[in-house]
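Enquirer: Compact mmCIF, C-alpha atoms, saved as input_17.txt, coming up:
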# COMPACT_ATOMS: atom_id res chain seq x y z
CA MET C 904 275.80 27.15 124.55
CA THR C 905 273.15 26.53 121.93
CA ILE C 906 271.07 29.53 120.93
CA SER C 907 267.59 28.97 119.53
CA LEU C 908 265.36 31.93 118.84
CA GLU C 909 262.34 29.64 118.71
CA LYS C 910 263.11 28.43 122.24
CA ASP C 911 264.31 31.75 123.65
CA LEU C 912 261.42 33.92 122.43
CA ASN C 913 258.56 31.43 122.29
CA GLY C 914 255.75 32.39 124.69
CA LYS C 915 257.08 35.89 125.40
CA VAL C 916 254.63 38.78 125.28
CA ALA C 917 255.56 41.82 123.21
CA VAL C 918 253.97 45.22 122.74
CA ILE C 919 254.96 47.22 119.67
CA THR C 920 253.69 50.78 119.29
CA GLY C 921 253.32 52.14 115.79
CA GLY C 922 252.87 48.51 114.81
CA GLY C 923 250.52 49.28 111.95
CA GLY C 924 253.30 50.87 109.89
CA ILE C 925 255.59 49.23 107.36
CA LEU C 926 258.72 48.88 109.49
CA CYS C 927 257.14 48.05 112.83
CA GLY C 928 254.56 45.86 111.16
CA CYS C 929 257.40 43.83 109.68
CA MET C 930 258.97 43.54 113.14
CA ALA C 931 255.66 42.45 114.67
CA LYS C 932 255.17 39.71 112.08
CA ALA C 933 258.71 38.44 112.58
CA LEU C 934 258.15 38.16 116.32
CA GLY C 935 254.95 36.25 115.67
CA GLU C 936 256.90 33.72 113.60
CA TYR C 937 259.08 32.98 116.63
CA GLY C 938 256.17 32.27 118.93
CA VAL C 939 255.95 35.68 120.57
CA LYS C 940 252.47 36.81 121.57
CA VAL C 941 252.31 40.18 119.85
CA ALA C 942 250.13 43.14 120.78
CA VAL C 943 250.13 45.52 117.81
CA LEU C 944 249.37 49.05 119.01
CA ASP C 945 248.62 51.92 116.68
CA LEU C 946 246.55 55.10 116.61
CA ASN C 947 245.07 53.65 113.41
CA GLU C 948 243.14 50.69 114.80
CA GLN C 949 242.45 49.27 111.35
CA ALA C 950 246.15 49.22 110.50
CA ALA C 951 246.98 47.54 113.81
CA GLN C 952 244.30 44.91 113.30
CA LYS C 953 245.48 44.18 109.76
CA VAL C 954 248.98 43.32 111.02
CA ALA C 955 247.55 41.28 113.88
CA ASP C 956 245.31 39.36 111.47
CA GLU C 957 248.31 38.53 109.27
CA ILE C 958 250.19 37.18 112.30
CA VAL C 959 247.24 35.02 113.31
CA ALA C 960 246.76 33.80 109.73
CA ALA C 961 250.40 32.66 109.76
CA GLY C 962 249.78 30.60 112.91
CA GLY C 963 250.81 33.13 115.55
CA GLN C 964 249.06 34.88 118.41
CA SER C 965 248.32 38.58 118.12
CA ILE C 966 245.81 41.32 118.88
CA GLY C 967 245.41 44.77 117.37
CA VAL C 968 244.83 47.56 119.85
CA LYS C 969 244.09 51.23 119.27
CA CYS C 970 246.46 53.39 121.31
CA ASN C 971 247.39 57.05 121.39
CA VAL C 972 250.97 57.12 122.72
CA LEU C 973 250.53 60.74 123.81
CA ASP C 974 247.55 59.96 126.04
CA ALA C 975 248.32 58.25 129.34
CA GLY C 976 244.73 57.09 129.68
CA SER C 977 244.77 55.49 126.24
CA ILE C 978 248.04 53.74 127.07
CA ARG C 979 246.66 52.39 130.34
CA GLU C 980 243.56 51.10 128.55
CA ALA C 981 245.72 49.41 125.91
CA HIS C 982 247.90 47.88 128.63
CA GLN C 983 244.88 46.33 130.31
CA LYS C 984 243.72 44.83 127.01
CA VAL C 985 247.13 43.28 126.49
CA LYS C 986 247.23 41.83 130.01
CA ASP C 987 243.70 40.46 129.62
CA ALA C 988 244.70 38.74 126.38
CA PHE C 989 248.26 37.59 127.07
CA GLY C 990 249.33 38.50 130.61
CA PRO C 991 252.24 40.76 131.64
CA ILE C 992 254.64 41.82 128.91
CA ASP C 993 258.30 40.90 128.44
CA ILE C 994 259.20 43.07 125.45
CA LEU C 995 258.36 46.68 124.57
CA ILE C 996 259.23 48.12 121.18
CA ASN C 997 258.63 51.87 121.04
CA GLY C 998 258.02 52.29 117.34
CA ALA C 999 255.54 55.17 117.20
CA GLY C 1000 256.98 58.35 115.70
CA GLY C 1001 257.04 60.62 112.70
CA ASN C 1002 257.51 64.11 111.30
CA HIS C 1003 255.19 66.99 110.37
CA PRO C 1004 255.47 69.17 107.24
CA LYS C 1005 255.01 72.36 109.25
CA GLY C 1006 258.11 71.50 111.28
CA THR C 1007 260.17 71.35 108.09
CA THR C 1008 261.97 74.12 106.20
CA ASP C 1009 261.61 74.47 102.43
CA SER C 1010 265.33 74.99 101.81
CA GLU C 1011 268.46 73.28 103.07
CA PHE C 1012 270.42 76.50 103.57
CA PHE C 1013 269.09 79.85 104.74
CA SER C 1014 269.21 82.84 102.44
CA PRO C 1015 267.91 86.31 103.43
CA SER C 1016 265.99 86.44 100.15
CA ASP C 1017 263.88 83.53 101.38
CA LEU C 1018 262.18 85.89 103.82
CA ASP C 1019 260.50 87.70 100.92
CA LYS C 1020 259.08 84.54 99.33
CA GLU C 1021 255.37 84.01 99.81
CA ASN C 1022 254.34 80.77 101.59
CA PHE C 1023 257.99 79.76 101.96
CA LYS C 1024 258.96 78.03 105.21
CA THR C 1025 262.21 79.28 106.67
CA PHE C 1026 263.62 78.71 110.13
CA TYR C 1027 261.94 81.95 111.22
CA ASN C 1028 258.37 80.92 110.46
CA LEU C 1029 258.42 77.28 111.52
CA ASP C 1030 255.20 76.50 113.33
CA ALA C 1031 255.86 76.11 117.06
CA ASP C 1032 252.89 73.83 117.66
CA SER C 1033 253.98 71.50 114.87
CA ILE C 1034 257.54 71.34 116.21
CA ARG C 1035 256.13 70.56 119.65
CA PHE C 1036 253.93 67.85 118.13
CA VAL C 1037 256.91 66.20 116.40
CA PHE C 1038 258.98 66.24 119.57
CA ASP C 1039 256.12 64.92 121.66
CA LEU C 1040 255.20 62.18 119.19
CA ASN C 1041 258.73 60.83 119.11
CA PHE C 1042 260.07 61.50 122.60
CA MET C 1043 256.98 61.62 124.81
CA GLY C 1044 255.53 58.87 122.62
CA THR C 1045 258.43 56.73 123.83
CA LEU C 1046 258.59 57.91 127.44
CA LEU C 1047 254.88 57.53 128.27
CA PRO C 1048 254.48 53.94 126.98
CA THR C 1049 257.71 53.01 128.76
CA GLN C 1050 256.37 54.37 132.05
CA GLU C 1051 253.28 52.20 131.66
CA PHE C 1052 254.47 48.92 130.15
CA SER C 1053 257.81 48.61 131.95
CA ARG C 1054 255.89 48.14 135.22
CA ASP C 1055 255.31 44.53 134.11
CA MET C 1056 259.08 44.03 133.98
CA ILE C 1057 260.01 45.29 137.44
CA GLU C 1058 259.94 41.88 139.11
CA LYS C 1059 260.80 39.52 136.25
CA GLY C 1060 262.97 41.67 133.95
CA GLY C 1061 262.43 42.47 130.32
CA VAL C 1062 263.69 44.23 127.21
CA ILE C 1063 262.88 47.65 125.79
CA LEU C 1064 263.82 48.53 122.22
CA ASN C 1065 263.53 52.13 121.07
CA ILE C 1066 263.62 53.41 117.51
CA SER C 1067 266.15 56.16 116.94
CA SER C 1068 267.37 57.36 113.53
CA MET C 1069 270.33 58.47 111.45
CA ASN C 1070 269.17 61.99 112.31
CA ALA C 1071 270.29 61.36 115.86
CA PHE C 1072 273.93 61.02 114.76
CA THR C 1073 274.02 63.88 112.27
CA PRO C 1074 270.91 66.02 111.71
CA LEU C 1075 269.50 66.05 108.21
CA THR C 1076 268.73 69.33 106.49
CA LYS C 1077 265.17 70.67 106.51
CA ILE C 1078 263.88 68.59 109.46
CA PRO C 1079 265.10 70.21 112.70
CA ALA C 1080 262.25 68.99 114.91
CA TYR C 1081 262.50 65.35 113.84
CA SER C 1082 266.29 65.35 114.09
CA ALA C 1083 266.23 66.83 117.60
CA ALA C 1084 263.52 64.42 118.71
CA LYS C 1085 265.44 61.36 117.52
CA ALA C 1086 268.62 62.64 119.18
CA ALA C 1087 266.57 62.78 122.37
CA ILE C 1088 265.54 59.15 121.85
CA SER C 1089 269.18 58.03 121.68
CA ASN C 1090 270.05 59.98 124.80
CA PHE C 1091 266.98 58.69 126.64
CA THR C 1092 267.87 55.13 125.66
CA GLN C 1093 271.23 55.47 127.37
CA TRP C 1094 269.72 57.16 130.42
CA LEU C 1095 267.02 54.53 130.77
CA ALA C 1096 269.51 51.68 130.35
CA VAL C 1097 271.48 52.96 133.33
CA HIS C 1098 268.35 53.70 135.35
CA PHE C 1099 267.00 50.16 134.91
CA SER C 1100 270.35 48.37 135.05
CA LYS C 1101 269.79 47.04 138.59
CA SER C 1102 266.29 45.80 137.72
CA ASN C 1103 267.18 43.30 134.98
CA ILE C 1104 265.60 45.49 132.31
CA ARG C 1105 267.75 46.07 129.26
CA VAL C 1106 267.20 49.11 127.04
CA ASN C 1107 268.66 49.52 123.56
CA ALA C 1108 267.77 51.20 120.28
CA ILE C 1109 268.16 50.71 116.58
CA ALA C 1110 268.84 53.65 114.29
CA PRO C 1111 267.49 52.91 110.82
CA GLY C 1112 268.99 54.70 107.88
CA PHE C 1113 266.83 55.30 104.85
CA PHE C 1114 263.90 53.00 104.26
CA VAL C 1115 260.93 53.85 102.04
CA THR C 1116 257.77 53.96 104.16
CA ASP C 1117 254.29 55.42 103.82
CA GLN C 1118 255.43 58.52 105.71
CA ASN C 1119 258.39 59.43 103.51
CA ARG C 1120 257.40 57.93 100.15
CA ALA C 1121 256.31 61.27 98.68
CA LEU C 1122 259.65 62.85 99.69
CA LEU C 1123 261.77 60.06 98.25
CA THR C 1124 259.92 59.10 95.07
CA ASN C 1125 258.15 60.96 92.30
CA PRO C 1126 254.64 59.96 91.14
CA ASP C 1127 256.20 57.89 88.34
CA GLY C 1128 258.32 55.93 90.86
CA SER C 1129 261.62 57.63 90.02
CA TYR C 1130 263.79 59.03 92.77
CA THR C 1131 263.56 62.66 93.87
CA ALA C 1132 266.62 64.92 94.05
CA ARG C 1133 266.72 64.33 97.82
CA SER C 1134 266.76 60.58 97.26
CA GLU C 1135 269.62 60.89 94.81
CA LYS C 1136 271.62 62.82 97.40
CA ILE C 1137 270.84 60.19 100.06
CA LEU C 1138 271.93 57.35 97.81
CA ARG C 1139 275.15 59.10 96.86
CA ASN C 1140 275.99 59.26 100.56
CA THR C 1141 274.97 55.69 101.35
CA PRO C 1142 277.97 53.50 100.49
CA MET C 1143 275.75 50.52 99.71
CA GLY C 1144 273.94 52.72 97.19
CA ARG C 1145 270.34 51.75 97.95
CA PHE C 1146 267.51 52.08 100.42
CA GLY C 1147 267.09 49.49 103.14
CA LEU C 1148 264.45 46.79 103.15
CA PRO C 1149 262.22 46.38 106.23
CA GLU C 1150 263.42 42.79 106.64
CA GLU C 1151 266.96 44.08 107.09
CA LEU C 1152 266.02 45.46 110.51
CA LEU C 1153 265.03 42.07 111.84
CA GLY C 1154 268.42 40.50 112.56
CA THR C 1155 269.48 43.35 114.83
CA MET C 1156 266.06 43.47 116.46
CA LEU C 1157 266.07 39.76 117.26
CA TYR C 1158 269.65 39.94 118.55
CA LEU C 1159 268.83 42.78 120.94
CA LEU C 1160 265.64 41.12 122.19
CA ASP C 1161 267.15 37.70 122.85
CA GLU C 1162 268.64 37.38 126.34
CA ASN C 1163 271.01 34.57 125.38
CA MET C 1164 272.50 36.53 122.50
CA SER C 1165 272.65 40.02 124.01
CA GLY C 1166 272.15 39.60 127.74
CA PHE C 1167 275.16 41.84 128.50
CA VAL C 1168 274.16 44.52 125.96
CA THR C 1169 272.34 47.60 127.19
CA GLY C 1170 272.45 51.30 126.39
CA VAL C 1171 273.55 50.93 122.76
CA VAL C 1172 272.15 52.52 119.60
CA VAL C 1173 272.84 50.34 116.57
CA PRO C 1174 272.90 51.96 113.10
CA ILE C 1175 271.27 49.97 110.30
CA ASP C 1176 272.06 52.32 107.48
CA GLY C 1177 274.07 50.83 104.61
CA GLY C 1178 277.15 52.69 105.84
CA PHE C 1179 275.57 56.18 105.79
CA SER C 1180 276.85 57.13 109.26
CA ALA C 1181 280.37 55.96 108.41
CA TYR C 1182 280.73 57.92 105.18
CA SER C 1183 282.13 61.45 105.11
CA GLY C 1184 281.15 62.03 101.49
CA VAL C 1185 284.80 62.01 100.38
What does this structure look like when you write it as structure tokens?

Expert:
Amino acid sequence: MTISLEKDLNGKVAVITGGGGILCGCMAKALGEYGVKVAVLDLNEQAAQKVADEIVAAGGQSIGVKCNVLDAGSIREAHQKVKDAFGPIDILINGAGGNHPKGTTDSEFFSPSDLDKENFKTFYNLDADSIRFVFDLNFMGTLLPTQEFSRDMIEKGGVILNISSMNAFTPLTKIPAYSAAKAAISNFTQWLAVHFSKSNIRVNAIAPGFFVTDQNRALLTNPDGSYTARSEKILRNTPMGRFGLPEELLGTMLYLLDENMSGFVTGVVVPIDGGFSAYSGV
């Protein structure tokens, strides 16, 4: 059997939420290069349109669409725009997600003396609304778009790709809400894969390790571009000793989206992490 991504993916219609960001924007542009008609969805309409414009400038077909993945009405409206432009979708990438500072502790390990520190975030004064926001953005922001866009796949089949994280395997210190939410994504991926298994809809996820993005740049790098103490700890525990590049997500993404390469693969969460999840630190 000869496998050709150009032939296999050409003409497919893909929706990618969070497509205005660095990682998902890179994925969207890669799909455009293989002839996929790409709908770039993002709460930031300008960011979505910028990625779509780059795809079109490179000879592809793409539209940028504003979409709030926590608002069912906004998702339905975005879905209609995609269908009007390209027809029913074949591929859904649930890329929207993120963290919130108020759902993050200031220290890695609790100490009773922390309770006496002014404006110091411990486990005991984490903001409930912010934790709820983080969980909703990541989990509900995957579930709700899937409920809407997977309807196009019921008769003809399709592929759903979720974005999990290293936090889903082993939670990172300081970010309990984000870690729990990404663990939920991995679990939901497996559940959904089984649920849709008789409908010719495959569901998988990738779990990126550490990549520098707009969301985490301030946590990983100092103003002068040097690494923070947290970055140094991450790199010491990443056997390959560096951060990932957005382009290094693409091979796994394309493999999981292509029916000829991964037609019997569903319900898996693939780490792309430079060995982080395999390393015990010893």

Enquirer: Which residues of stretch 963-1052 of chain C have any atom within 7 Å of an atom in stretch 1067-1081 of chain C when counting only C-alpha atoms, and what is the closest pair of atoms for each, with the distance in Å to one decimal? Order the rows by chain and rising number and write it as JSON lines.

Expert:
{"residue": "C:Asn1002", "atom": "CA", "partner": "C:Tyr1081", "partner_atom": "CA", "distance": 5.7}
{"residue": "C:Gly1006", "atom": "CA", "partner": "C:Ala1080", "partner_atom": "CA", "distance": 6.1}
{"residue": "C:Thr1007", "atom": "CA", "partner": "C:Ile1078", "partner_atom": "CA", "distance": 4.8}
{"residue": "C:Thr1008", "atom": "CA", "partner": "C:Lys1077", "partner_atom": "CA", "distance": 4.7}
{"residue": "C:Asp1009", "atom": "CA", "partner": "C:Lys1077", "partner_atom": "CA", "distance": 6.6}
{"residue": "C:Ser1010", "atom": "CA", "partner": "C:Lys1077", "partner_atom": "CA", "distance": 6.4}
{"residue": "C:Glu1011", "atom": "CA", "partner": "C:Thr1076", "partner_atom": "CA", "distance": 5.2}
{"residue": "C:Ile1034", "atom": "CA", "partner": "C:Ala1080", "partner_atom": "CA", "distance": 5.4}
{"residue": "C:Val1037", "atom": "CA", "partner": "C:Ala1080", "partner_atom": "CA", "distance": 6.2}
{"residue": "C:Phe1038", "atom": "CA", "partner": "C:Ala1080", "partner_atom": "CA", "distance": 6.3}

Enquirer: Give me the residues near C:Ser1134 as a PyMOL selection string, where near means some atom within 8 Å (using only C-alpha atoms) and where sequence neighbours in that chain fewer than 3 positions away do not count.

Expert: chain C and resi 1122-1124+1130-1131+1137-1138

Enquirer: When you draw a straight line from atom CA of C:Phe1091 to atom CA of C:Asp1039, how long is it in Å?

Expert: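 Calculated distance between atom CA of C:Phe1091 and atom CA of C:Asp1039 is 13.5 Å.
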
Enquirer: Restricting the calculation to only C-alpha atoms, which member of C:Asn1140, C:Gly963, C:Thr920, C:Ala1110 is positioned closest to C:Leu1046?

Expert: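 The closest residue to C:Leu1046 is C:Thr920.
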
Enquirer: What's the 6 Å shell around stretch 1055-1061 of chain C, counting all atoms listed in the file, without same-chain residues fewer than 5 positions away, as a PyMOL selection string?

Expert: chain C and resi 991-994+1103-1104

Enquirer: Rounded to one decimal in Å, what is the spacing between atom CA of C:Asn1041 and atom CA of C:Thr1092?

Expert: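 Distance between the two atoms: 12.6 Å.
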
Enquirer: One decimal, in Å: what's the spacing between atom CA of C:Leu1157 and atom CA of C:Asp974?

Expert: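 Going from atom CA of C:Leu1157 over to atom CA of C:Asp974, I get 28.8 Å.
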
Enquirer: Go through C:Asn1028, C:Thr1045, C:Asn1125, C:Asn1022 and flag the residue nearest C:Asn971, using all atoms listed in the file for the distances.

Expert: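 Using all atoms listed in the file, C:Asn971 sits closest to C:Thr1045.
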
Enquirer: Pick out the residues sitting within 8 Å of C:Ala951, and hand them over as a VMD selection string; count only C-alpha atoms, and ignore anything fewer than 4 positions along from it in its own chain.

Expert: chain C and resid 922 to 923 943 to 945 947 955 967 to 969

Enquirer: C:Ser1089: which residues within 10 Å, counting only C-alpha atoms, same-chain residues fewer than 5 positions away excluded, as number ranges by chain?

Expert: C: 1042, 1065-1068, 1071-1072, 1084, 1094-1095, 1107-1110, 1170-1173

Enquirer: Complete the atoms of stretch 1112-1148 of chain C to N, CA and C atoms and put them out as a short mmCIF file (atom, residue, chain, number, x, y, z; two decimals), in the coordinates of the input.

Expert:
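And here's selection-v4.cif as it stands now:
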data_model
loop_
_atom_site.label_atom_id
_atom_site.label_comp_id
_atom_site.auth_asym_id
_atom_site.auth_seq_id
_atom_site.Cartn_x
_atom_site.Cartn_y
_atom_site.Cartn_z
N GLY C 1112 268.63 53.71 108.88
CA GLY C 1112 268.99 54.70 107.88
C GLY C 1112 267.78 55.00 107.03
N PHE C 1113 267.91 54.88 105.74
CA PHE C 1113 266.83 55.30 104.85
C PHE C 1113 266.08 54.10 104.29
N PHE C 1114 264.83 54.02 104.70
CA PHE C 1114 263.90 53.00 104.26
C PHE C 1114 262.67 53.72 103.69
N VAL C 1115 262.13 53.23 102.61
CA VAL C 1115 260.93 53.85 102.04
C VAL C 1115 259.71 53.36 102.81
N THR C 1116 258.97 54.29 103.40
CA THR C 1116 257.77 53.96 104.16
C THR C 1116 256.61 54.82 103.65
N ASP C 1117 255.44 54.60 104.21
CA ASP C 1117 254.29 55.42 103.82
C ASP C 1117 254.50 56.88 104.18
N GLN C 1118 255.23 57.14 105.26
CA GLN C 1118 255.43 58.52 105.71
C GLN C 1118 256.36 59.31 104.81
N ASN C 1119 257.39 58.67 104.28
CA ASN C 1119 258.39 59.43 103.51
C ASN C 1119 258.35 59.15 102.02
N ARG C 1120 257.41 58.34 101.56
CA ARG C 1120 257.40 57.93 100.15
C ARG C 1120 257.33 59.14 99.21
N ALA C 1121 256.48 60.11 99.56
CA ALA C 1121 256.31 61.27 98.68
C ALA C 1121 257.57 62.15 98.64
N LEU C 1122 258.40 62.08 99.68
CA LEU C 1122 259.65 62.85 99.69
C LEU C 1122 260.76 62.16 98.92
N LEU C 1123 260.68 60.83 98.84
CA LEU C 1123 261.77 60.06 98.25
C LEU C 1123 261.52 59.63 96.81
N THR C 1124 260.24 59.56 96.43
CA THR C 1124 259.92 59.10 95.07
C THR C 1124 258.94 60.05 94.39
N ASN C 1125 259.08 60.18 93.10
CA ASN C 1125 258.15 60.96 92.30
C ASN C 1125 256.92 60.11 91.97
N PRO C 1126 255.84 60.73 91.48
CA PRO C 1126 254.64 59.96 91.14
C PRO C 1126 254.90 58.81 90.17
N ASP C 1127 255.91 58.95 89.31
CA ASP C 1127 256.20 57.89 88.34
C ASP C 1127 257.12 56.81 88.92
N GLY C 1128 257.48 56.94 90.21
CA GLY C 1128 258.32 55.93 90.86
C GLY C 1128 259.80 56.24 90.82
N SER C 1129 260.21 57.25 90.07
CA SER C 1129 261.62 57.63 90.02
C SER C 1129 262.01 58.33 91.31
N TYR C 1130 263.31 58.41 91.54
CA TYR C 1130 263.79 59.03 92.77
C TYR C 1130 263.78 60.56 92.67
N THR C 1131 263.48 61.20 93.80
CA THR C 1131 263.56 62.66 93.87
C THR C 1131 265.02 63.08 94.00
N ALA C 1132 265.26 64.41 93.89
CA ALA C 1132 266.62 64.92 94.05
C ALA C 1132 267.16 64.61 95.45
N ARG C 1133 266.28 64.64 96.46
CA ARG C 1133 266.72 64.33 97.82
C ARG C 1133 267.13 62.86 97.92
N SER C 1134 266.39 61.99 97.27
CA SER C 1134 266.76 60.58 97.26
C SER C 1134 268.12 60.37 96.61
N GLU C 1135 268.34 61.04 95.51
CA GLU C 1135 269.62 60.89 94.81
C GLU C 1135 270.78 61.31 95.71
N LYS C 1136 270.57 62.37 96.48
CA LYS C 1136 271.62 62.82 97.40
C LYS C 1136 271.84 61.78 98.51
N ILE C 1137 270.74 61.22 99.03
CA ILE C 1137 270.84 60.19 100.06
C ILE C 1137 271.63 59.00 99.55
N LEU C 1138 271.29 58.54 98.36
CA LEU C 1138 271.93 57.35 97.81
C LEU C 1138 273.40 57.57 97.50
N ARG C 1139 273.74 58.80 97.10
CA ARG C 1139 275.15 59.10 96.86
C ARG C 1139 275.96 59.03 98.16
N ASN C 1140 275.29 59.27 99.27
CA ASN C 1140 275.99 59.26 100.56
C ASN C 1140 275.74 57.99 101.37
N THR C 1141 275.13 57.01 100.75
CA THR C 1141 274.97 55.69 101.35
C THR C 1141 275.89 54.73 100.60
N PRO C 1142 277.00 54.32 101.21
CA PRO C 1142 277.97 53.50 100.49
C PRO C 1142 277.38 52.28 99.79
N MET C 1143 276.35 51.68 100.36
CA MET C 1143 275.75 50.52 99.71
C MET C 1143 274.85 50.91 98.55
N GLY C 1144 274.59 52.21 98.38
CA GLY C 1144 273.94 52.72 97.19
C GLY C 1144 272.48 52.37 97.01
N ARG C 1145 271.77 52.09 98.08
CA ARG C 1145 270.34 51.75 97.95
C ARG C 1145 269.63 52.04 99.26
N PHE C 1146 268.30 51.98 99.21
CA PHE C 1146 267.51 52.08 100.42
C PHE C 1146 267.44 50.72 101.10
N GLY C 1147 267.21 50.74 102.41
CA GLY C 1147 267.09 49.49 103.14
C GLY C 1147 265.74 48.84 102.93
N LEU C 1148 265.69 47.56 103.20
CA LEU C 1148 264.45 46.79 103.15
C LEU C 1148 263.99 46.54 104.58
#
